[in-house]
file start_6.cif (mmCIF, C-alpha atoms)
data_input
loop_
_atom_site.label_atom_id
_atom_site.label_comp_id
_atom_site.auth_asym_id
_atom_site.auth_seq_id
_atom_site.Cartn_x
_atom_site.Cartn_y
_atom_site.Cartn_z
CA MET A 547 -11.35 95.01 -34.38
CA SER A 548 -10.71 92.31 -36.94
CA GLU A 549 -7.01 92.02 -36.11
CA ALA A 550 -7.82 90.71 -32.68
CA ASN A 551 -9.99 87.91 -34.05
CA ASP A 552 -8.69 84.53 -33.18
CA PRO A 553 -6.99 82.95 -36.19
CA SER A 554 -8.29 79.49 -35.16
CA ILE A 555 -5.36 78.68 -32.92
CA SER A 556 -5.88 75.37 -31.17
CA ILE A 557 -5.84 75.72 -27.41
CA GLU A 558 -5.59 71.95 -27.15
CA ALA A 559 -2.42 71.95 -29.25
CA LEU A 560 -0.97 74.78 -27.15
CA ARG A 561 -1.65 72.84 -23.96
CA ARG A 562 -0.02 69.74 -25.43
CA GLY A 563 3.11 71.85 -25.84
CA ASP A 564 2.93 71.99 -29.64
CA ARG A 565 5.70 74.49 -30.41
CA GLN A 566 4.57 75.13 -33.95
CA GLU A 567 1.15 76.17 -32.67
CA PHE A 568 2.80 78.40 -30.08
CA ALA A 569 4.83 79.98 -32.90
CA ARG A 570 1.54 80.64 -34.74
CA LEU A 571 0.19 82.33 -31.63
CA VAL A 572 3.31 84.48 -31.33
CA ASP A 573 3.26 85.28 -35.02
CA HIS A 574 -0.32 86.48 -34.96
CA TYR A 575 -0.40 88.40 -31.68
CA SER A 576 3.11 89.81 -31.28
CA PRO A 577 2.51 92.89 -33.49
CA LEU A 578 -0.63 93.74 -31.47
CA ILE A 579 1.09 93.28 -28.12
CA TYR A 580 4.08 95.33 -29.28
CA ARG A 581 1.84 98.18 -30.45
CA LEU A 582 0.02 98.24 -27.09
CA ALA A 583 3.31 98.17 -25.16
CA LEU A 584 4.86 100.90 -27.29
CA LYS A 585 1.88 103.22 -26.89
CA MET A 586 1.66 102.43 -23.21
CA LEU A 587 5.35 103.01 -22.48
CA GLY A 588 6.55 105.29 -25.28
CA ASP A 589 9.93 103.56 -25.38
CA GLU A 590 11.03 100.88 -27.85
CA GLN A 591 13.30 98.99 -25.46
CA ASP A 592 10.64 98.91 -22.72
CA ALA A 593 8.05 97.79 -25.26
CA GLU A 594 10.33 94.97 -26.40
CA ASP A 595 10.85 93.85 -22.78
CA VAL A 596 7.09 93.76 -22.25
CA LEU A 597 6.61 91.86 -25.52
CA GLN A 598 9.15 89.20 -24.55
CA ASN A 599 7.88 88.87 -20.98
CA THR A 600 4.29 88.59 -22.19
CA PHE A 601 5.00 85.54 -24.33
CA LEU A 602 7.36 84.00 -21.76
CA GLN A 603 4.56 84.32 -19.19
CA ALA A 604 2.00 83.01 -21.66
CA PHE A 605 4.17 79.96 -22.40
CA ARG A 606 4.66 79.24 -18.69
CA HIS A 607 0.99 79.63 -17.82
CA LEU A 608 -0.75 78.07 -20.81
CA ASN A 609 -2.11 75.33 -18.56
CA GLU A 610 -3.90 77.94 -16.47
CA PHE A 611 -5.74 79.41 -19.46
CA GLU A 612 -9.30 78.32 -18.85
CA GLY A 613 -10.93 79.71 -21.94
CA ARG A 614 -13.18 82.06 -19.98
CA SER A 615 -11.89 84.87 -22.15
CA THR A 616 -10.47 84.76 -25.67
CA LEU A 617 -6.78 84.09 -26.16
CA SER A 618 -6.25 87.66 -27.31
CA THR A 619 -7.90 89.08 -24.17
CA TRP A 620 -5.74 86.77 -22.04
CA LEU A 621 -2.58 87.96 -23.80
CA TYR A 622 -3.61 91.61 -23.49
CA ARG A 623 -4.15 90.99 -19.79
CA ILE A 624 -0.62 89.66 -19.34
CA ALA A 625 0.83 92.49 -21.45
CA ALA A 626 -1.10 95.22 -19.62
CA ASN A 627 0.08 93.85 -16.26
CA GLU A 628 3.66 93.70 -17.47
CA ALA A 629 3.51 97.27 -18.78
CA LEU A 630 1.90 98.61 -15.60
CA MET A 631 4.46 96.80 -13.45
CA LEU A 632 7.30 98.28 -15.46
CA LEU A 633 5.85 101.79 -15.18
CA ARG A 634 5.35 101.46 -11.46
CA LYS A 635 8.85 100.15 -10.97
CA ARG A 636 10.19 103.18 -12.81
CA ARG A 637 7.91 105.72 -11.16
CA PRO A 638 6.50 104.24 -7.95
CA GLU A 639 4.74 107.47 -7.01
CA THR A 640 2.27 107.16 -9.90
CA ALA A 641 0.71 104.03 -8.45
CA LEU A 642 -0.92 106.04 -5.68
CA THR A 643 -1.95 109.19 -7.47
CA ASP A 644 -4.38 107.65 -9.92
CA SER A 645 -5.40 104.40 -8.37
CA LEU A 646 -9.15 104.99 -8.19
CA PRO A 647 -10.08 107.67 -10.70
CA GLU A 648 -13.75 106.69 -10.81
CA GLU A 649 -14.25 108.00 -7.30
CA GLU A 650 -13.33 111.55 -8.23
CA PRO A 651 -15.88 113.86 -9.89
CA LEU A 652 -15.71 114.06 -13.67
CA GLU A 653 -13.60 116.90 -14.99
CA GLU A 654 -15.90 119.32 -16.79
CA PRO A 655 -15.04 120.41 -20.31
CA THR A 656 -13.39 123.81 -20.64
CA GLN A 657 -12.73 123.90 -24.41
CA PHE A 658 -15.70 124.79 -26.58
CA ILE A 659 -14.10 125.60 -29.92
CA ASP A 660 -15.56 123.54 -32.74
CA TRP A 661 -12.57 122.29 -34.77
CA CYS A 662 -14.46 119.53 -36.57
CA CYS A 663 -14.45 121.68 -39.73
CA LEU A 664 -10.66 121.44 -40.11
CA PRO A 665 -9.80 119.20 -43.06
CA GLU A 666 -8.81 115.66 -42.19
CA GLU A 667 -5.39 116.03 -43.83
CA GLU A 668 -4.64 118.86 -41.42
CA LEU A 669 -6.07 117.02 -38.41
CA LEU A 670 -3.93 114.03 -39.32
CA SER A 671 -0.83 115.86 -40.57
CA ALA A 672 2.52 114.61 -39.26
CA GLU A 673 2.35 117.27 -36.53
CA GLY A 674 -1.28 116.41 -35.77
CA ARG A 675 -0.43 112.72 -35.41
CA ALA A 676 2.49 113.57 -33.12
CA ARG A 677 0.07 115.58 -30.96
CA LEU A 678 -2.37 112.68 -30.83
CA GLU A 679 0.43 110.37 -29.66
CA ALA A 680 1.75 112.90 -27.14
CA ALA A 681 -1.74 113.39 -25.70
CA ILE A 682 -2.06 109.65 -25.00
CA ARG A 683 1.22 109.74 -23.09
CA LEU A 684 -0.08 112.59 -20.91
CA LEU A 685 -2.96 110.46 -19.65
CA PRO A 686 -2.49 108.84 -16.24
CA GLU A 687 -1.59 105.22 -16.89
CA THR A 688 -4.82 103.80 -15.42
CA LEU A 689 -6.78 105.79 -18.00
CA ARG A 690 -4.25 105.27 -20.78
CA VAL A 691 -4.41 101.49 -20.64
CA VAL A 692 -8.23 101.49 -20.83
CA PHE A 693 -8.23 103.90 -23.77
CA LEU A 694 -5.59 101.91 -25.67
CA LEU A 695 -7.35 98.59 -25.23
CA ARG A 696 -10.78 99.94 -26.15
CA ASP A 697 -10.14 102.63 -28.77
CA ILE A 698 -6.83 101.56 -30.33
CA GLU A 699 -6.86 97.77 -29.96
CA GLY A 700 -10.62 97.64 -30.45
CA LEU A 701 -11.57 95.44 -27.50
CA SER A 702 -15.17 95.60 -26.31
CA ILE A 703 -16.04 97.01 -22.87
CA GLN A 704 -16.45 93.43 -21.62
CA GLU A 705 -13.09 92.30 -23.06
CA THR A 706 -11.35 95.38 -21.63
CA SER A 707 -12.84 94.63 -18.22
CA GLN A 708 -11.62 91.02 -18.44
CA ALA A 709 -8.17 92.10 -19.58
CA LEU A 710 -7.75 94.55 -16.72
CA GLY A 711 -9.64 92.74 -13.98
CA LEU A 712 -11.92 95.75 -13.57
CA SER A 713 -15.72 95.97 -13.47
CA GLU A 714 -17.41 97.10 -16.67
CA THR A 715 -18.59 100.21 -14.83
CA ALA A 716 -15.01 101.10 -13.90
CA VAL A 717 -13.90 100.55 -17.51
CA LYS A 718 -16.68 102.80 -18.81
CA THR A 719 -15.87 105.55 -16.33
CA ARG A 720 -12.14 105.44 -17.09
CA LEU A 721 -12.81 105.37 -20.81
CA LEU A 722 -15.01 108.44 -20.57
CA ARG A 723 -12.39 110.28 -18.50
CA ALA A 724 -9.65 109.36 -20.95
CA ARG A 725 -11.68 110.44 -23.96
CA LEU A 726 -12.72 113.73 -22.33
CA ARG A 727 -9.12 114.54 -21.39
CA LEU A 728 -7.91 113.76 -24.90
CA ARG A 729 -10.67 115.93 -26.32
CA GLU A 730 -9.56 118.80 -24.10
CA MET A 731 -5.93 118.45 -25.16
CA LEU A 732 -6.75 118.13 -28.85
CA SER A 733 -9.20 121.03 -28.67
CA ALA A 734 -6.53 123.31 -27.22
CA TYR A 735 -4.16 122.33 -30.03
CA TYR A 736 -6.63 122.47 -32.92
CA ALA A 737 -8.10 125.76 -31.67
CA GLU A 738 -4.60 127.24 -32.11
CA ARG A 739 -4.49 125.85 -35.63
CA LEU A 740 -7.90 127.35 -36.37
CA ASN A 741 -6.82 130.75 -35.07
CA ALA A 742 -3.56 130.61 -37.01
CA GLY A 743 -5.54 129.77 -40.15
CA ARG A 744 -7.94 132.65 -39.57
CA LYS A 745 -5.12 135.14 -38.98
CA ALA A 746 -3.41 134.03 -42.17
CA TYR A 747 -6.71 134.50 -44.01
CA ASP A 748 -7.26 137.99 -42.54
CA MET B 230 -25.85 129.99 -19.69
CA THR B 231 -27.99 129.70 -16.55
CA ASP B 232 -27.01 127.51 -13.60
CA HIS B 233 -30.02 125.35 -14.30
CA GLU B 234 -28.86 124.59 -17.83
CA HIS B 235 -25.33 124.01 -16.67
CA ALA B 236 -26.54 121.43 -14.16
CA LYS B 237 -28.04 119.55 -17.11
CA CYS B 238 -24.68 119.66 -18.95
CA ARG B 239 -23.01 118.15 -15.87
CA GLU B 240 -25.70 115.52 -15.49
CA LEU B 241 -25.39 114.37 -19.11
CA LEU B 242 -21.58 114.41 -19.19
CA GLY B 243 -21.38 110.94 -17.62
CA SER B 244 -23.39 109.42 -20.48
CA LEU B 245 -21.47 110.91 -23.40
CA SER B 246 -19.14 107.96 -24.01
CA ASP B 247 -22.08 105.56 -24.28
CA TYR B 248 -23.90 108.10 -26.40
CA VAL B 249 -21.13 108.41 -29.01
CA ASP B 250 -20.63 104.62 -28.97
CA GLY B 251 -24.34 104.15 -29.68
CA THR B 252 -24.86 102.03 -26.57
CA LEU B 253 -26.99 104.43 -24.57
CA GLY B 254 -30.66 103.72 -23.86
CA GLU B 255 -33.20 105.47 -26.07
CA GLN B 256 -34.63 107.67 -23.35
CA LEU B 257 -31.25 109.14 -22.37
CA CYS B 258 -30.34 109.57 -26.04
CA GLN B 259 -33.44 111.65 -26.56
CA GLU B 260 -32.65 113.67 -23.45
CA ILE B 261 -29.14 114.41 -24.72
CA GLU B 262 -30.42 115.35 -28.16
CA ARG B 263 -33.08 117.63 -26.72
CA HIS B 264 -30.48 119.31 -24.53
CA MET B 265 -28.03 119.70 -27.41
CA ARG B 266 -30.60 121.57 -29.48
CA GLU B 267 -30.47 124.29 -26.84
CA CYS B 268 -26.86 124.06 -25.67
CA GLN B 269 -24.17 125.06 -28.12
CA ASN B 270 -21.33 124.05 -25.77
CA CYS B 271 -22.61 120.52 -25.32
CA ARG B 272 -23.06 120.22 -29.07
CA VAL B 273 -19.42 121.15 -29.56
CA VAL B 274 -18.29 118.77 -26.82
CA VAL B 275 -20.19 115.86 -28.39
CA ASP B 276 -19.03 116.64 -31.93
CA THR B 277 -15.38 117.09 -30.97
CA LEU B 278 -15.49 114.03 -28.68
CA ARG B 279 -16.78 111.96 -31.58
CA LYS B 280 -14.10 113.44 -33.84
CA THR B 281 -11.37 112.77 -31.25
CA ILE B 282 -12.28 109.08 -31.13
CA HIS B 283 -12.54 108.96 -34.93
CA LEU B 284 -9.04 110.45 -35.30
CA TYR B 285 -7.56 107.89 -32.94
CA HIS B 286 -9.25 105.10 -34.86
CA GLN B 287 -7.68 106.53 -38.01
CA THR B 288 -4.23 106.52 -36.43
CA ALA B 289 -4.49 102.93 -35.21
CA GLU B 290 -2.24 101.92 -38.08
CA PRO B 291 -1.88 98.23 -38.84
CA ALA B 292 0.24 96.79 -36.08
CA ASP B 293 3.78 96.28 -37.27
CA LEU B 294 6.61 94.43 -35.57
CA PRO B 295 10.12 95.49 -36.64
CA ASN B 296 12.00 92.49 -37.99
CA SER B 297 14.87 92.83 -35.52
CA VAL B 298 12.40 92.85 -32.60
CA ARG B 299 10.69 89.79 -34.06
CA GLN B 300 14.00 87.92 -34.43
CA ARG B 301 14.99 88.61 -30.83
CA LEU B 302 11.53 87.54 -29.61
CA TYR B 303 11.74 84.21 -31.44
CA ARG B 304 15.24 83.64 -30.09
CA THR B 305 14.12 84.40 -26.50
CA LEU B 306 11.27 81.93 -26.88
CA ASN B 307 13.47 79.26 -28.50
CA LEU B 308 11.31 79.41 -31.60
CA ASP B 309 14.12 80.23 -34.05
CA GLU B 310 13.24 77.29 -36.26
CA PHE B 311 9.78 78.78 -36.89
CA SER B 312 11.01 82.30 -37.64
CA ARG B 313 10.59 83.02 -41.32
#
call {"tool": "encode", "arguments": {"input": "start_6.cif", "output": "structure tokens"}}
result
Amino acid sequence: MSEANDPSISIEALRRGDRQEFARLVDHYSPLIYRLALKMLGDEQDAEDVLQNTFLQAFRHLNEFEGRSTLSTWLYRIAANEALMLLRKRRPETALTDSLPEEEPLEEPTQFIDWCCLPEEELLSAEGRARLEAAIRLLPETLRVVFLLRDIEGLSIQETSQALGLSETAVKTRLLRARLRLREMLSAYYAERLNAGRKAYD
Amino acid sequence: MTDHEHAKCRELLGSLSDYVDGTLGEQLCQEIERHMRECQNCRVVVDTLRKTIHLYHQTAEPADLPNSVRQRLYRTLNLDEFSR
């Protein structure tokens, strides 16, 4: 996605400790990191903590940035780790339940109502948007973070795998699981809307 | 739907993400398309999966950082002098 494109920030200047260049980095990437954290955690205060910790970590570890990934992928990596750590601190039991989702069989679709015909303004009404957001929060965090990086932040499969330290195969599997689960949840909701519309018409 | 057909649905399920992203090999694409001509359920799954992803892309509103959050971030990082 174009937002993630590097706005020609000089890594050399960052390494030299140029504070103005670091401010440019913060200025460009902080809205993206905050959006990821907010969608990951669903809480403004938690998202702000992750935002601050991400750039504090980035500042401390600039010398370790080797340029093997882009700056944005590196920042997303720090932010994703911070968000996952925060979630696991709050709910330690979740770390075990969904640690290796790619080893389980794929969940087969159960919803076969075609809701594509609903008008976009209904699909994306205020209530529809709230459902879309709520559905993301119902994903297990290991799937949620992959979906957010790939489909909301617009990272490629390769960038997502670098950001999360996962193989590309694992990213693809988790992405598919996340998308299929979201489709199931949205289908259940939009099918209700379709039925309500039909009843009103009858 | 027969068990045989359903086995095909299961087999193709793992390729659907790549299929909707346009990154699947030509042979598997053709296999999915051939199957979809005969399987209404898989057609619906593919169409609504594509639509689901499209809707989320639509909702990925331009990232926005509330000013108060931005101010506190710059203060934490000792970058106040660069905060406009």
call {"tool": "interface_residues", "arguments": {"input": "start_6.cif", "of": "chain B", "to": "chain A", "cutoff": "6 Å", "atoms": "all atoms listed in the file", "output": "number ranges by chain"}}
result
B: 246, 270, 273, 278, 281, 289, 292-294, 302
call {"tool": "write_last_selection", "arguments": {"input": "start_6.cif", "atoms": "C-alpha atoms", "output": "PDB file, in the coordinates of the input"}}
result
ATOM      1  CA  SER B 246     -19.140 107.960 -24.010  1.00  0.00           C
ATOM      2  CA  ASN B 270     -21.330 124.050 -25.770  1.00  0.00           C
ATOM      3  CA  VAL B 273     -19.420 121.150 -29.560  1.00  0.00           C
ATOM      4  CA  LEU B 278     -15.490 114.030 -28.680  1.00  0.00           C
ATOM      5  CA  THR B 281     -11.370 112.770 -31.250  1.00  0.00           C
ATOM      6  CA  ALA B 289      -4.490 102.930 -35.210  1.00  0.00           C
ATOM      7  CA  ALA B 292       0.240  96.790 -36.080  1.00  0.00           C
ATOM      8  CA  ASP B 293       3.780  96.280 -37.270  1.00  0.00           C
ATOM      9  CA  LEU B 294       6.610  94.430 -35.570  1.00  0.00           C
ATOM     10  CA  LEU B 302      11.530  87.540 -29.610  1.00  0.00           C
TER      11      LEU B 302
END
call {"tool": "closest_residue", "arguments": {"input": "start_6.cif", "among": "A:Gln603, A:Asn609, A:Ser671, A:Ser556", "to": "Leu284 of chain B", "atoms": "all atoms listed in the file"}}
result
A:Ser671
call {"tool": "atom_distance", "arguments": {"input": "start_6.cif", "atom1": "atom CA of Ser244 of chain B", "atom2": "atom CA of Leu257 of chain B"}}
result
8.1 Å
call {"tool": "atom_distance", "arguments": {"input": "start_6.cif", "atom1": "atom CA of Tyr736 of chain A", "atom2": "atom CA of Glu668 of chain A"}}
result
9.4 Å
call {"tool": "residues_around", "arguments": {"input": "start_6.cif", "residues": "segment 234-239 of chain B", "least_positions_apart": "4", "cutoff": "8 Å", "atoms": "all atoms listed in the file", "output": "ChimeraX atom specification"}}
result
/A:654 /B:230,243,264,271
call {"tool": "atom_distance", "arguments": {"input": "start_6.cif", "atom1": "atom CA of Asn627 of chain A", "atom2": "atom CA of Glu687 of chain A"}}
result
11.5 Å
call {"tool": "closest_residue", "arguments": {"input": "start_6.cif", "among": "A:Ile624, A:Ala746, A:Leu684, A:Met631", "to": "Gly588 of chain A", "atoms": "only C-alpha atoms"}}
result
A:Leu684
